[in-house]
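Coordinates as given in protein.csv (CSV, C-alpha atoms (C1' of nucleotides) and all ligand atoms):
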```csv
chain,number,residue,atom,x,y,z
M,8,MET,CA,2.2,38.5,-3.1
M,9,ALA,CA,2.8,41.3,-0.7
M,10,GLY,CA,3.4,43.9,-3.5
M,11,GLY,CA,3.1,46.7,-0.9
M,12,ALA,CA,6.7,46.4,0.3
M,13,VAL,CA,6.6,48.2,3.6
M,14,LEU,CA,10.0,49.0,5.0
M,15,PRO,CA,11.1,47.4,8.2
M,16,THR,CA,11.1,49.5,11.3
M,17,LYS,CA,13.9,52.0,11.6
M,18,GLU,CA,15.5,50.1,14.4
M,19,ASN,CA,15.4,46.7,12.7
M,20,HIS,CA,16.7,48.2,9.5
M,21,ALA,CA,19.6,49.9,11.2
M,22,GLU,CA,20.4,46.7,13.0
M,23,THR,CA,20.4,44.8,9.7
M,24,PHE,CA,22.9,47.2,8.2
M,25,ALA,CA,25.1,47.2,11.3
M,26,ARG,CA,25.4,43.5,11.2
M,27,LEU,CA,26.0,43.7,7.5
M,28,ARG,CA,28.9,46.1,8.1
M,29,ASP,CA,30.3,43.6,10.7
M,30,ALA,CA,30.1,40.8,8.2
M,31,HIS,CA,32.0,42.8,5.7
M,32,ALA,CA,34.7,43.7,8.1
M,33,ARG,CA,35.3,39.9,8.6
M,34,GLU,CA,35.3,38.9,4.9
M,35,VAL,CA,39.0,39.4,4.2
M,36,THR,CA,40.0,37.7,7.4
M,37,GLU,CA,37.8,34.7,6.6
M,38,ASP,CA,39.0,34.4,3.0
M,39,TYR,CA,42.6,34.6,4.2
M,40,VAL,CA,42.5,32.0,6.9
M,41,GLU,CA,40.6,29.7,4.6
M,42,MET,CA,43.1,30.2,1.8
M,43,ILE,CA,46.1,29.7,4.2
M,44,ALA,CA,44.6,26.4,5.4
M,45,ASP,CA,44.0,25.3,1.8
M,46,LEU,CA,47.5,26.2,0.8
M,47,ILE,CA,49.0,24.3,3.7
M,48,VAL,CA,47.0,21.2,2.6
M,49,GLU,CA,47.7,21.6,-1.1
M,50,GLU,CA,51.2,22.9,-1.2
M,51,GLY,CA,52.6,22.0,2.2
M,52,GLU,CA,52.9,25.6,3.3
M,53,ALA,CA,51.4,29.0,2.9
M,54,ARG,CA,53.8,31.5,1.3
M,55,ALA,CA,53.0,35.2,0.8
M,56,VAL,CA,53.7,34.9,-2.9
M,57,SER,CA,51.0,32.2,-3.2
M,58,LEU,CA,48.5,34.2,-1.3
M,59,ALA,CA,49.2,37.2,-3.6
M,60,GLU,CA,48.7,35.0,-6.7
M,61,ARG,CA,45.6,33.4,-5.4
M,62,PHE,CA,43.9,36.6,-4.4
M,63,GLY,CA,45.3,38.6,-7.3
M,64,VAL,CA,46.8,41.3,-5.2
M,65,THR,CA,50.4,42.5,-4.7
M,66,PRO,CA,52.8,41.0,-2.1
M,67,ALA,CA,52.8,44.3,-0.3
M,68,THR,CA,49.0,44.0,0.2
M,69,VAL,CA,49.4,40.4,1.5
M,70,ASN,CA,52.0,41.6,3.9
M,71,ASN,CA,49.7,44.3,5.3
M,72,THR,CA,46.9,41.9,5.7
M,73,ILE,CA,49.0,39.3,7.3
M,74,LYS,CA,50.1,41.9,9.9
M,75,ARG,CA,46.5,42.6,10.7
M,76,LEU,CA,45.7,38.9,11.0
M,77,GLU,CA,48.7,38.5,13.3
M,78,ARG,CA,47.6,41.5,15.4
M,79,ASP,CA,44.1,39.8,15.6
M,80,GLY,CA,45.6,36.5,16.7
M,81,PHE,CA,44.7,34.4,13.6
M,82,VAL,CA,48.2,33.7,12.2
M,83,SER,CA,51.8,33.7,13.2
M,84,SER,CA,54.7,34.4,11.0
M,85,ARG,CA,58.4,35.2,11.1
M,86,PRO,CA,60.2,37.5,8.6
M,87,TYR,CA,60.8,35.9,5.2
M,88,ARG,CA,59.2,32.6,6.4
M,89,SER,CA,55.9,31.0,5.5
M,90,ILE,CA,52.6,31.7,7.4
M,91,PHE,CA,51.0,29.6,10.0
M,92,LEU,CA,47.5,29.6,11.5
M,93,THR,CA,47.1,29.9,15.3
M,94,GLU,CA,44.5,27.7,17.0
M,95,ALA,CA,42.0,30.5,16.6
M,96,GLY,CA,42.9,30.9,13.0
M,97,GLN,CA,42.6,27.2,12.4
M,98,ALA,CA,39.2,27.0,14.1
M,99,LEU,CA,38.0,29.9,12.0
M,100,ALA,CA,39.4,28.3,8.8
M,101,ASP,CA,37.6,25.1,9.6
M,102,LYS,CA,34.4,26.9,10.2
M,103,CYS,CA,34.8,28.9,7.0
M,104,ARG,CA,35.8,25.9,4.8
M,105,GLU,CA,32.8,24.0,6.0
M,106,ARG,CA,30.4,26.9,5.4
M,107,HIS,CA,32.0,27.6,2.0
M,108,GLN,CA,31.5,24.0,1.0
M,109,ILE,CA,27.9,23.9,2.1
M,110,VAL,CA,27.1,27.0,0.1
M,111,TYR,CA,29.0,25.7,-2.9
M,112,ASP,CA,27.3,22.3,-2.8
M,113,PHE,CA,23.9,24.0,-2.4
M,114,LEU,CA,24.4,26.0,-5.6
M,115,ILE,CA,25.5,22.9,-7.4
M,116,ALA,CA,22.4,21.1,-6.1
M,117,LEU,CA,20.3,23.9,-7.5
M,118,GLY,CA,21.8,23.1,-10.9
M,119,LEU,CA,24.3,25.9,-11.4
M,120,ASP,CA,27.6,25.5,-13.3
M,121,ALA,CA,30.7,24.8,-11.3
M,122,LYS,CA,32.3,28.1,-12.4
M,123,ILE,CA,29.3,30.2,-11.4
M,124,ALA,CA,28.8,28.3,-8.1
M,125,GLU,CA,32.4,28.8,-7.3
M,126,PHE,CA,32.2,32.5,-7.8
M,127,ASP,CA,28.9,33.2,-6.1
M,128,ALA,CA,29.8,31.0,-3.2
M,129,GLU,CA,32.9,33.1,-2.5
M,130,GLY,CA,30.7,36.1,-1.8
M,131,ILE,CA,27.5,34.5,-0.4
M,132,GLU,CA,29.4,32.4,2.2
M,133,HIS,CA,30.0,35.5,4.3
M,134,HIS,CA,26.4,36.5,4.4
M,135,VAL,CA,24.6,33.3,5.4
M,136,SER,CA,23.3,32.9,8.9
M,137,ALA,CA,23.5,29.7,10.8
M,138,GLU,CA,19.8,29.1,10.1
M,139,THR,CA,20.1,29.6,6.4
M,140,LEU,CA,23.2,27.5,6.2
M,141,GLU,CA,21.4,24.6,7.9
M,142,VAL,CA,18.5,25.0,5.4
M,143,PHE,CA,21.1,24.9,2.5
M,144,ARG,CA,22.7,21.8,4.0
M,145,LYS,CA,19.4,19.9,4.4
M,146,PHE,CA,18.3,20.9,0.9
M,147,THR,CA,21.5,19.5,-0.7
M,148,GLU,CA,21.2,16.4,1.4
M,149,ALA,CA,17.6,15.8,0.3
M,150,ARG,CA,18.6,16.2,-3.3
M,151,LYS,CA,21.4,13.7,-3.0
M,152,THR,CA,19.4,10.9,-1.3
M,153,GLY,CA,16.1,11.9,-2.8
M,154,ASP,CA,17.0,10.8,-6.4
C,29,MET,CA,31.8,13.0,-3.3
C,30,ALA,CA,34.9,15.0,-4.3
C,31,GLY,CA,36.4,15.2,-0.8
C,32,GLY,CA,39.8,16.0,-2.4
C,33,ALA,CA,39.0,19.7,-2.8
C,34,VAL,CA,41.5,20.8,-5.4
C,35,LEU,CA,42.0,24.5,-5.6
C,36,PRO,CA,41.0,26.3,-8.8
C,37,THR,CA,43.8,27.4,-11.0
C,38,LYS,CA,45.7,30.5,-9.9
C,39,GLU,CA,44.3,32.6,-12.7
C,40,ASN,CA,40.7,31.6,-12.1
C,41,HIS,CA,41.1,32.1,-8.4
C,42,ALA,CA,42.5,35.5,-8.8
C,43,GLU,CA,39.7,36.5,-11.2
C,44,THR,CA,37.1,35.3,-8.7
C,45,PHE,CA,38.5,37.5,-6.0
C,46,ALA,CA,38.9,40.5,-8.3
C,47,ARG,CA,35.3,40.2,-9.2
C,48,LEU,CA,34.4,39.8,-5.5
C,49,ARG,CA,36.3,43.1,-4.7
C,50,ASP,CA,34.4,44.8,-7.5
C,51,ALA,CA,31.1,43.5,-6.0
C,52,HIS,CA,32.1,44.9,-2.6
C,53,ALA,CA,32.9,48.3,-4.0
C,54,ARG,CA,29.3,48.5,-5.4
C,55,GLU,CA,27.5,47.3,-2.3
C,56,VAL,CA,27.1,50.6,-0.5
C,57,THR,CA,26.0,52.3,-3.8
C,58,GLU,CA,23.4,49.7,-4.4
C,59,ASP,CA,22.0,49.8,-0.9
C,60,TYR,CA,21.8,53.6,-1.0
C,61,VAL,CA,20.0,53.9,-4.3
C,62,GLU,CA,17.6,51.1,-3.3
C,63,MET,CA,16.9,52.9,0.0
C,64,ILE,CA,16.5,56.3,-1.6
C,65,ALA,CA,13.9,54.8,-4.0
C,66,ASP,CA,12.1,53.1,-1.1
C,67,LEU,CA,12.0,56.3,0.9
C,68,ILE,CA,10.6,58.3,-2.0
C,69,VAL,CA,7.8,55.8,-2.3
C,70,GLU,CA,7.2,55.4,1.4
C,71,GLU,CA,7.7,58.9,2.7
C,72,GLY,CA,7.4,61.0,-0.4
C,73,GLU,CA,11.1,62.1,-0.3
C,74,ALA,CA,14.5,60.9,0.7
C,75,ARG,CA,16.1,63.0,3.4
C,76,ALA,CA,19.6,62.5,4.7
C,77,VAL,CA,18.2,62.1,8.3
C,78,SER,CA,16.1,59.2,7.2
C,79,LEU,CA,19.0,57.5,5.4
C,80,ALA,CA,21.1,58.0,8.5
C,81,GLU,CA,18.4,56.3,10.6
C,82,ARG,CA,17.8,53.5,8.2
C,83,PHE,CA,21.4,52.6,7.8
C,84,GLY,CA,22.3,53.3,11.4
C,85,VAL,CA,25.1,55.7,10.6
C,86,THR,CA,25.6,59.4,11.3
C,87,PRO,CA,24.4,62.2,9.1
C,88,ALA,CA,28.0,63.1,8.3
C,89,THR,CA,28.5,59.7,6.9
C,90,VAL,CA,25.4,60.0,4.7
C,91,ASN,CA,26.6,63.3,3.5
C,92,ASN,CA,30.0,61.8,2.4
C,93,THR,CA,28.3,58.9,0.7
C,94,ILE,CA,25.8,61.1,-1.1
C,95,LYS,CA,28.7,63.2,-2.5
C,96,ARG,CA,30.2,60.0,-3.9
C,97,LEU,CA,26.9,58.9,-5.4
C,98,GLU,CA,26.5,62.4,-7.0
C,99,ARG,CA,30.1,62.3,-8.3
C,100,ASP,CA,29.3,58.9,-9.8
C,101,GLY,CA,26.0,60.1,-11.4
C,102,PHE,CA,23.5,58.2,-9.4
C,103,VAL,CA,21.9,61.0,-7.4
C,104,SER,CA,21.3,64.7,-7.5
C,105,SER,CA,20.9,67.0,-4.6
C,106,ARG,CA,21.0,70.6,-3.5
C,107,PRO,CA,22.3,71.9,-0.2
C,108,TYR,CA,19.8,71.3,2.7
C,109,ARG,CA,17.3,69.7,0.3
C,110,SER,CA,16.2,66.1,-0.1
C,111,ILE,CA,17.9,63.7,-2.4
C,112,PHE,CA,16.8,62.6,-5.9
C,113,LEU,CA,17.8,59.7,-8.1
C,114,THR,CA,19.2,60.4,-11.6
C,115,GLU,CA,18.0,58.2,-14.5
C,116,ALA,CA,21.0,56.0,-13.9
C,117,GLY,CA,20.3,55.9,-10.2
C,118,GLN,CA,16.7,55.0,-10.7
C,119,ALA,CA,17.6,52.2,-13.2
C,120,LEU,CA,20.1,50.8,-10.7
C,121,ALA,CA,17.6,51.1,-7.9
C,122,ASP,CA,15.0,49.2,-10.0
C,123,LYS,CA,17.4,46.5,-10.8
C,124,CYS,CA,18.5,46.2,-7.1
C,125,ARG,CA,15.0,46.2,-5.7
C,126,GLU,CA,14.0,43.4,-8.1
C,127,ARG,CA,17.1,41.4,-7.3
C,128,HIS,CA,16.6,41.9,-3.6
C,129,GLN,CA,13.0,40.8,-3.8
C,130,ILE,CA,14.0,37.6,-5.7
C,131,VAL,CA,16.6,36.7,-3.1
C,132,TYR,CA,14.2,37.4,-0.3
C,133,ASP,CA,11.4,35.4,-1.8
C,134,PHE,CA,13.7,32.6,-2.4
C,135,LEU,CA,14.8,32.4,1.2
C,136,ILE,CA,11.2,32.5,2.3
C,137,ALA,CA,10.4,29.8,-0.2
C,138,LEU,CA,13.1,27.7,1.4
C,139,GLY,CA,11.2,28.0,4.7
C,140,LEU,CA,13.3,30.6,6.5
C,141,ASP,CA,11.8,33.2,8.9
C,142,ALA,CA,11.1,36.6,7.6
C,143,LYS,CA,13.6,38.2,10.0
C,144,ILE,CA,16.4,36.0,8.9
C,145,ALA,CA,15.5,36.2,5.2
C,146,GLU,CA,15.5,39.9,5.6
C,147,PHE,CA,18.9,40.0,7.0
C,148,ASP,CA,20.6,37.4,4.8
C,149,ALA,CA,19.0,38.8,1.7
C,150,GLU,CA,20.6,42.2,2.4
C,151,GLY,CA,24.0,40.7,2.1
C,152,ILE,CA,23.5,37.9,-0.4
C,153,GLU,CA,21.8,40.1,-3.0
C,154,HIS,CA,25.1,41.7,-3.9
C,155,HIS,CA,26.8,38.4,-4.6
C,156,VAL,CA,24.3,36.6,-6.9
C,157,SER,CA,25.1,36.3,-10.6
C,158,ALA,CA,22.4,36.7,-13.2
C,159,GLU,CA,22.4,32.9,-13.6
C,160,THR,CA,22.0,32.2,-9.9
C,161,LEU,CA,19.3,34.9,-9.6
C,162,GLU,CA,17.3,33.2,-12.4
C,163,VAL,CA,17.6,29.8,-10.7
C,164,PHE,CA,16.3,31.4,-7.5
C,165,ARG,CA,13.4,33.0,-9.3
C,166,LYS,CA,12.4,29.8,-11.0
C,167,PHE,CA,12.7,27.8,-7.8
C,168,THR,CA,10.4,30.2,-5.9
C,169,GLU,CA,7.9,30.2,-8.8
C,170,ALA,CA,7.8,26.4,-8.9
C,171,ARG,CA,7.2,26.3,-5.2
C,172,LYS,CA,4.3,28.7,-5.5
C,173,THR,CA,2.5,27.1,-8.4
C,174,GLY,CA,3.7,23.6,-7.5
C,175,ASP,CA,1.6,23.3,-4.3
Q,12,DA,C1',10.3,88.4,13.8
Q,13,DA,C1',12.9,86.0,17.2
Q,14,DA,C1',14.1,82.2,19.3
Q,15,DT,C1',14.4,77.5,19.2
Q,16,DC,C1',14.9,73.2,17.3
Q,17,DA,C1',16.0,70.0,13.6
Q,18,DA,C1',18.6,69.1,9.7
Q,19,DT,C1',22.6,69.6,7.1
Q,20,DT,C1',27.2,70.6,6.2
Q,21,DT,C1',32.2,70.9,7.1
Q,22,DA,C1',36.6,69.9,9.2
Q,23,DG,C1',39.5,66.7,11.0
Q,24,DC,C1',40.4,62.1,12.2
Q,25,DA,C1',40.8,56.7,12.0
Q,26,DT,C1',40.9,52.1,9.8
Q,27,DG,C1',40.8,48.8,6.1
Q,28,DG,C1',42.5,47.5,2.1
Q,29,DG,C1',44.4,48.5,-2.2
Q,30,DC,C1',48.8,50.3,-5.0
Q,31,DT,C1',54.0,51.3,-6.7
Q,32,DA,C1',58.8,51.7,-6.1
Q,33,DA,C1',62.8,50.7,-3.6
Q,34,DC,C1',65.2,47.8,-0.7
Q,35,DT,C1',66.6,43.5,1.8
Q,36,DT,C1',66.8,38.7,2.4
Q,37,DT,C1',66.6,34.1,0.9
Q,38,DT,C1',66.9,30.6,-2.5
Q,39,DT,C1',68.7,28.7,-6.6
Q,40,DG,C1',71.8,27.6,-10.4
Q,41,DC,C1',76.1,27.7,-12.0
X,5,DG,C1',80.7,30.3,-3.1
X,6,DC,C1',78.7,33.8,-5.9
X,7,DA,C1',75.6,35.9,-9.0
X,8,DA,C1',71.1,36.1,-10.3
X,9,DA,C1',66.4,35.4,-9.4
X,10,DA,C1',62.7,35.0,-6.3
X,11,DA,C1',60.4,36.3,-2.2
X,12,DG,C1',59.5,39.3,1.3
X,13,DT,C1',59.6,43.9,3.4
X,14,DT,C1',59.1,48.9,3.9
X,15,DA,C1',57.8,53.6,2.9
X,16,DG,C1',54.6,56.4,1.0
X,17,DC,C1',50.6,57.0,-1.3
X,18,DC,C1',45.3,56.6,-2.5
X,19,DC,C1',40.3,55.9,-1.8
X,20,DA,C1',36.1,54.2,0.7
X,21,DT,C1',33.7,54.2,4.7
X,22,DG,C1',33.1,55.2,9.1
X,23,DC,C1',33.3,58.6,13.4
X,24,DT,C1',32.9,63.3,16.5
X,25,DA,C1',32.5,68.1,17.2
X,26,DA,C1',31.4,72.4,15.5
X,27,DA,C1',29.3,75.5,12.3
X,28,DT,C1',25.6,76.6,9.4
X,29,DT,C1',21.1,76.7,7.4
X,30,DG,C1',16.1,75.7,7.4
X,31,DA,C1',11.7,75.1,9.7
X,32,DT,C1',8.6,75.8,13.6
X,33,DT,C1',6.5,77.9,17.3
X,34,DT,C1',5.3,81.5,20.0
R,201,MN,MN,36.0,31.3,0.8
R,202,MN,MN,34.7,34.4,0.4
R,203,MN,MN,29.6,41.3,0.8
R,204,MN,MN,22.1,45.0,0.5
```
Just give me the structure of the file as structure tokens.
Amino acid sequence: MAGGAVLPTKENHAETFARLRDAHAREVTEDYVEMIADLIVEEGEARAVSLAERFGVTPATVNNTIKRLERDGFVSSRPYRSIFLTEAGQALADKCRERHQIVYDFLIALGLDAKIAEFDAEGIEHHVSAETLEVFRKFTEARKTGD
Amino acid sequence: MAGGAVLPTKENHAETFARLRDAHAREVTEDYVEMIADLIVEEGEARAVSLAERFGVTPATVNNTIKRLERDGFVSSRPYRSIFLTEAGQALADKCRERHQIVYDFLIALGLDAKIAEFDAEGIEHHVSAETLEVFRKFTEARKTGD
DNA sequence: AAATCAATTTAGCATGGGCTAACTTTTTGC
DNA sequence: GCAAAAAGTTAGCCCATGCTAAATTGATTT
């Protein structure tokens, strides 16, 4: 029951939050490369206007973000043209898409609505460790074959 | 198996990300009020220096954040004194502590290590809808009574 | 009661990630 | 082939969240 909720040590606690801030710093990058990969599959190319629509932000915001992604080596683009993933970007996108799918499938396996699973997965995906992801994956798998 | 991952409609997708950005904007607030409540219980009061240690940030950063929280009606403080939760702050802290605990217990019920559950819960807690939280809670409950 | 030490505050700065408005370029339709 | 529409870019702004360095205040110890 452990009602007596003792706080973690200061050092552990600080490390937890440091890693959390790191995770947050990567979220937008991860969602963008994932979305760019999806758009290339679904629409043949990833245009800024599509990204803006999908994320619900202005084209100016997309432009800023794409510049950062380019600076960080995840995408390449030429003025007024569509956006491409670099090898690093594609690798990250693959990893994120897989992780996203595992989280989504897990939520569905737990019996949640598609709409809710969709929304929650979009946030949770960035905060699951490799260990947790593996547990999610196995759980979903067991549910599928189990009955 | 639904391998053909069709994207959500543009409108749904945009709404998902809008809500996600909202959730992010609340994360720091939520972690602060939760931590302030914990410190008051564990140490008798919440001092800026303790918050700085726990979050692994500088006292200057804590000061900035506390000013925002005060502006937003979640805490009250006087210069060089410790920090108090307002009613709204206490209510939010209670809600967050409960939610945090449910997520943590759920991860433990899934068989994860305490260390990992602790870290992942700190991120995931901000991204679980009421529905998902309820499913988590029931799952943990079933595991406890079930065997 | 000083002196010291710890805690807090302030000032000034940076980056990420949003926005609007104005402008340029490309694409499309006639 | 040109005009209009769509897409992309740029400039200038805002706020949140972090930082360092310096100043200030509060607490402790002799
Ligand atoms: Mn995603
Ligand atoms: Mn996401
Ligand atoms: Mn998050
Ligand atoms: Mn948290």
Exercise. Please provide the set of residues having any atom within 10 Å of DT32 in chain X, restricted to all atoms listed in the file, with same-chain residues fewer than 3 positions apart removed, written as JSON, numbers by chain.
Key: {"Q": [15, 16, 17]}
Could I get the residues of chain C with an atom no further than 9 Å from an atom of chain X, each paired with its nearest atom pair and that distance in Å to one decimal, using all atoms listed in the file, sorted by chain and residue number, as JSON lines?
```
{"residue": "C:Ala53", "atom": "CA", "partner": "X:DA20", "partner_atom": "C1'", "distance": 8.2}
{"residue": "C:Val85", "atom": "CA", "partner": "X:DG22", "partner_atom": "C1'", "distance": 8.2}
{"residue": "C:Thr86", "atom": "CA", "partner": "X:DC23", "partner_atom": "C1'", "distance": 8.0}
{"residue": "C:Ala88", "atom": "CA", "partner": "X:DC23", "partner_atom": "C1'", "distance": 8.6}
{"residue": "C:Thr89", "atom": "CA", "partner": "X:DG22", "partner_atom": "C1'", "distance": 6.8}
{"residue": "C:Asn92", "atom": "CA", "partner": "X:DT21", "partner_atom": "C1'", "distance": 8.8}
{"residue": "C:Thr93", "atom": "CA", "partner": "X:DT21", "partner_atom": "C1'", "distance": 8.2}
{"residue": "C:Tyr108", "atom": "CA", "partner": "X:DT29", "partner_atom": "C1'", "distance": 7.3}
```
Quiz item: Any idea which chain M residues end up within 8 Å of chain C if we count all atoms listed in the file, as a PyMOL selection string please?
Solution: chain M and resi 13-14+17-18+20-25+27+45+49+60-63+114+117-119+123+126-127+129-131+134-136+138-139+142
Exercise. Give the answer as one residue: which of Q:DC30, Q:DT19, Q:DT35, Q:DA25 has the shortest atom-to-atom distance to chain C, using only C-alpha atoms (C1' of nucleotides)?
Key: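 The closest residue to chain C is Q:DT19.
You will find CA of Arg127 in chain C at 7.2 Å from CA of Leu161 in chain C.
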Quick one: superpose chain M onto chain C using all C-alpha atoms paired in order, least squares, and give it to me as a compact mmCIF listing (two decimals) with C-alpha atoms, in the coordinates of the input.
```txt
# COMPACT_ATOMS: atom_id res chain seq x y z
CA MET M 8 31.57 13.52 -2.96
CA ALA M 9 34.70 15.11 -4.24
CA GLY M 10 36.38 15.20 -0.76
CA GLY M 11 39.73 16.00 -2.45
CA ALA M 12 39.03 19.73 -2.78
CA VAL M 13 41.56 20.79 -5.35
CA LEU M 14 42.00 24.52 -5.60
CA PRO M 15 41.04 26.28 -8.76
CA THR M 16 43.78 27.42 -11.04
CA LYS M 17 45.69 30.47 -9.93
CA GLU M 18 44.25 32.56 -12.68
CA ASN M 19 40.62 31.57 -12.09
CA HIS M 20 41.03 32.07 -8.38
CA ALA M 21 42.49 35.52 -8.78
CA GLU M 22 39.73 36.41 -11.16
CA THR M 23 37.13 35.24 -8.64
CA PHE M 24 38.57 37.48 -5.96
CA ALA M 25 38.89 40.45 -8.31
CA ARG M 26 35.29 40.26 -9.19
CA LEU M 27 34.47 39.80 -5.56
CA ARG M 28 36.34 43.02 -4.73
CA ASP M 29 34.31 44.79 -7.52
CA ALA M 30 31.09 43.55 -6.04
CA HIS M 31 32.02 44.89 -2.69
CA ALA M 32 32.93 48.25 -4.01
CA ARG M 33 29.32 48.50 -5.41
CA GLU M 34 27.48 47.32 -2.26
CA VAL M 35 27.07 50.70 -0.57
CA THR M 36 26.03 52.36 -3.78
CA GLU M 37 23.41 49.68 -4.43
CA ASP M 38 22.03 49.75 -0.88
CA TYR M 39 21.81 53.54 -1.07
CA VAL M 40 20.01 53.90 -4.34
CA GLU M 41 17.63 51.16 -3.32
CA MET M 42 16.95 52.80 0.03
CA ILE M 43 16.47 56.28 -1.61
CA ALA M 44 13.91 54.79 -4.03
CA ASP M 45 12.11 53.06 -1.15
CA LEU M 46 12.05 56.22 0.88
CA ILE M 47 10.65 58.24 -1.98
CA VAL M 48 7.83 55.65 -2.33
CA GLU M 49 7.18 55.31 1.39
CA GLU M 50 7.72 58.77 2.70
CA GLY M 51 7.41 60.96 -0.38
CA GLU M 52 11.04 61.99 -0.30
CA ALA M 53 14.47 60.86 0.67
CA ARG M 54 16.00 62.99 3.45
CA ALA M 55 19.55 62.54 4.77
CA VAL M 56 18.24 62.11 8.29
CA SER M 57 16.12 59.13 7.15
CA LEU M 58 18.96 57.54 5.35
CA ALA M 59 21.13 57.91 8.50
CA GLU M 60 18.38 56.29 10.63
CA ARG M 61 17.77 53.52 8.22
CA PHE M 62 21.39 52.57 7.79
CA GLY M 63 22.32 53.32 11.39
CA VAL M 64 25.10 55.67 10.57
CA THR M 65 25.67 59.38 11.32
CA PRO M 66 24.41 62.22 9.06
CA ALA M 67 27.98 63.13 8.33
CA THR M 68 28.55 59.63 6.86
CA VAL M 69 25.36 59.94 4.73
CA ASN M 70 26.58 63.24 3.47
CA ASN M 71 29.93 61.78 2.39
CA THR M 72 28.28 58.94 0.65
CA ILE M 73 25.79 61.08 -1.06
CA LYS M 74 28.68 63.18 -2.47
CA ARG M 75 30.23 60.07 -3.88
CA LEU M 76 26.94 58.95 -5.41
CA GLU M 77 26.53 62.41 -6.93
CA ARG M 78 30.10 62.33 -8.29
CA ASP M 79 29.21 58.85 -9.80
CA GLY M 80 26.05 60.19 -11.40
CA PHE M 81 23.48 58.19 -9.34
CA VAL M 82 21.80 61.04 -7.39
CA SER M 83 21.34 64.75 -7.45
CA SER M 84 20.92 66.96 -4.51
CA ARG M 85 20.99 70.61 -3.48
CA PRO M 86 22.22 71.88 -0.07
CA TYR M 87 19.77 71.29 2.78
CA ARG M 88 17.23 69.71 0.34
CA SER M 89 16.13 66.12 -0.08
CA ILE M 90 17.89 63.61 -2.44
CA PHE M 91 16.83 62.58 -5.84
CA LEU M 92 17.86 59.68 -8.08
CA THR M 93 19.14 60.42 -11.61
CA GLU M 94 17.96 58.16 -14.44
CA ALA M 95 21.01 56.01 -13.88
CA GLY M 96 20.35 55.89 -10.21
CA GLN M 97 16.75 54.98 -10.78
CA ALA M 98 17.62 52.21 -13.24
CA LEU M 99 20.11 50.82 -10.75
CA ALA M 100 17.54 51.05 -7.90
CA ASP M 101 15.04 49.18 -9.99
CA LYS M 102 17.52 46.52 -10.81
CA CYS M 103 18.57 46.23 -7.17
CA ARG M 104 14.99 46.20 -5.74
CA GLU M 105 14.06 43.45 -8.12
CA ARG M 106 17.13 41.35 -7.32
CA HIS M 107 16.67 41.99 -3.58
CA GLN M 108 13.10 40.79 -3.80
CA ILE M 109 13.97 37.67 -5.72
CA VAL M 110 16.59 36.72 -3.17
CA TYR M 111 14.26 37.51 -0.30
CA ASP M 112 11.38 35.51 -1.77
CA PHE M 113 13.75 32.60 -2.48
CA LEU M 114 14.79 32.40 1.18
CA ILE M 115 11.19 32.56 2.23
CA ALA M 116 10.39 29.77 -0.23
CA LEU M 117 13.13 27.71 1.35
CA GLY M 118 11.26 28.07 4.64
CA LEU M 119 13.31 30.64 6.51
CA ASP M 120 11.84 33.19 8.95
CA ALA M 121 11.05 36.62 7.65
CA LYS M 122 13.62 38.23 9.99
CA ILE M 123 16.44 35.92 8.94
CA ALA M 124 15.52 36.15 5.22
CA GLU M 125 15.49 39.87 5.49
CA PHE M 126 18.93 39.98 6.95
CA ASP M 127 20.64 37.41 4.78
CA ALA M 128 19.08 38.83 1.68
CA GLU M 129 20.64 42.23 2.38
CA GLY M 130 24.09 40.70 2.05
CA ILE M 131 23.53 37.86 -0.48
CA GLU M 132 21.79 40.16 -3.03
CA HIS M 133 25.13 41.70 -3.95
CA HIS M 134 26.80 38.43 -4.63
CA VAL M 135 24.34 36.61 -6.90
CA SER M 136 25.06 36.33 -10.58
CA ALA M 137 22.43 36.67 -13.20
CA GLU M 138 22.41 32.88 -13.62
CA THR M 139 21.93 32.17 -9.97
CA LEU M 140 19.29 34.81 -9.63
CA GLU M 141 17.29 33.23 -12.47
CA VAL M 142 17.63 29.81 -10.74
CA PHE M 143 16.33 31.44 -7.45
CA ARG M 144 13.43 33.01 -9.33
CA LYS M 145 12.36 29.76 -11.04
CA PHE M 146 12.68 27.84 -7.78
CA THR M 147 10.35 30.26 -5.92
CA GLU M 148 7.96 30.19 -8.82
CA ALA M 149 7.82 26.38 -8.84
CA ARG M 150 7.14 26.36 -5.14
CA LYS M 151 4.30 28.80 -5.45
CA THR M 152 2.43 27.05 -8.31
CA GLY M 153 3.66 23.60 -7.43
CA ASP M 154 1.57 23.30 -4.19
```
Expected answer as a PDB file with C-alpha atoms (C1' of nucleotides), in the frame of the given file: chain Q residues within 12 Å of chain C, only C-alpha atoms (C1' of nucleotides):
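Saved result, out01.pdb, follows:
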```pdb
ATOM      1  C1'  DA Q  17      16.000  70.000  13.600  1.00  0.00           C
ATOM      2  C1'  DA Q  18      18.600  69.100   9.700  1.00  0.00           C
ATOM      3  C1'  DT Q  19      22.600  69.600   7.100  1.00  0.00           C
ATOM      4  C1'  DT Q  20      27.200  70.600   6.200  1.00  0.00           C
ATOM      5  C1'  DT Q  21      32.200  70.900   7.100  1.00  0.00           C
ATOM      6  C1'  DA Q  22      36.600  69.900   9.200  1.00  0.00           C
ATOM      7  C1'  DG Q  28      42.500  47.500   2.100  1.00  0.00           C
ATOM      8  C1'  DG Q  29      44.400  48.500  -2.200  1.00  0.00           C
TER       9       DG Q  29
END
```
Quiz prompt | Residues within 8 Å of Ala53 in chain M, all atoms listed in the file, excluding chain neighbours under 5 positions, as a list in words | solution =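 Within the cut-off, the hits are Ile43, Ala44, Leu46, Ile47, Leu58, Ser89, Ile90 and Phe91 of chain M.
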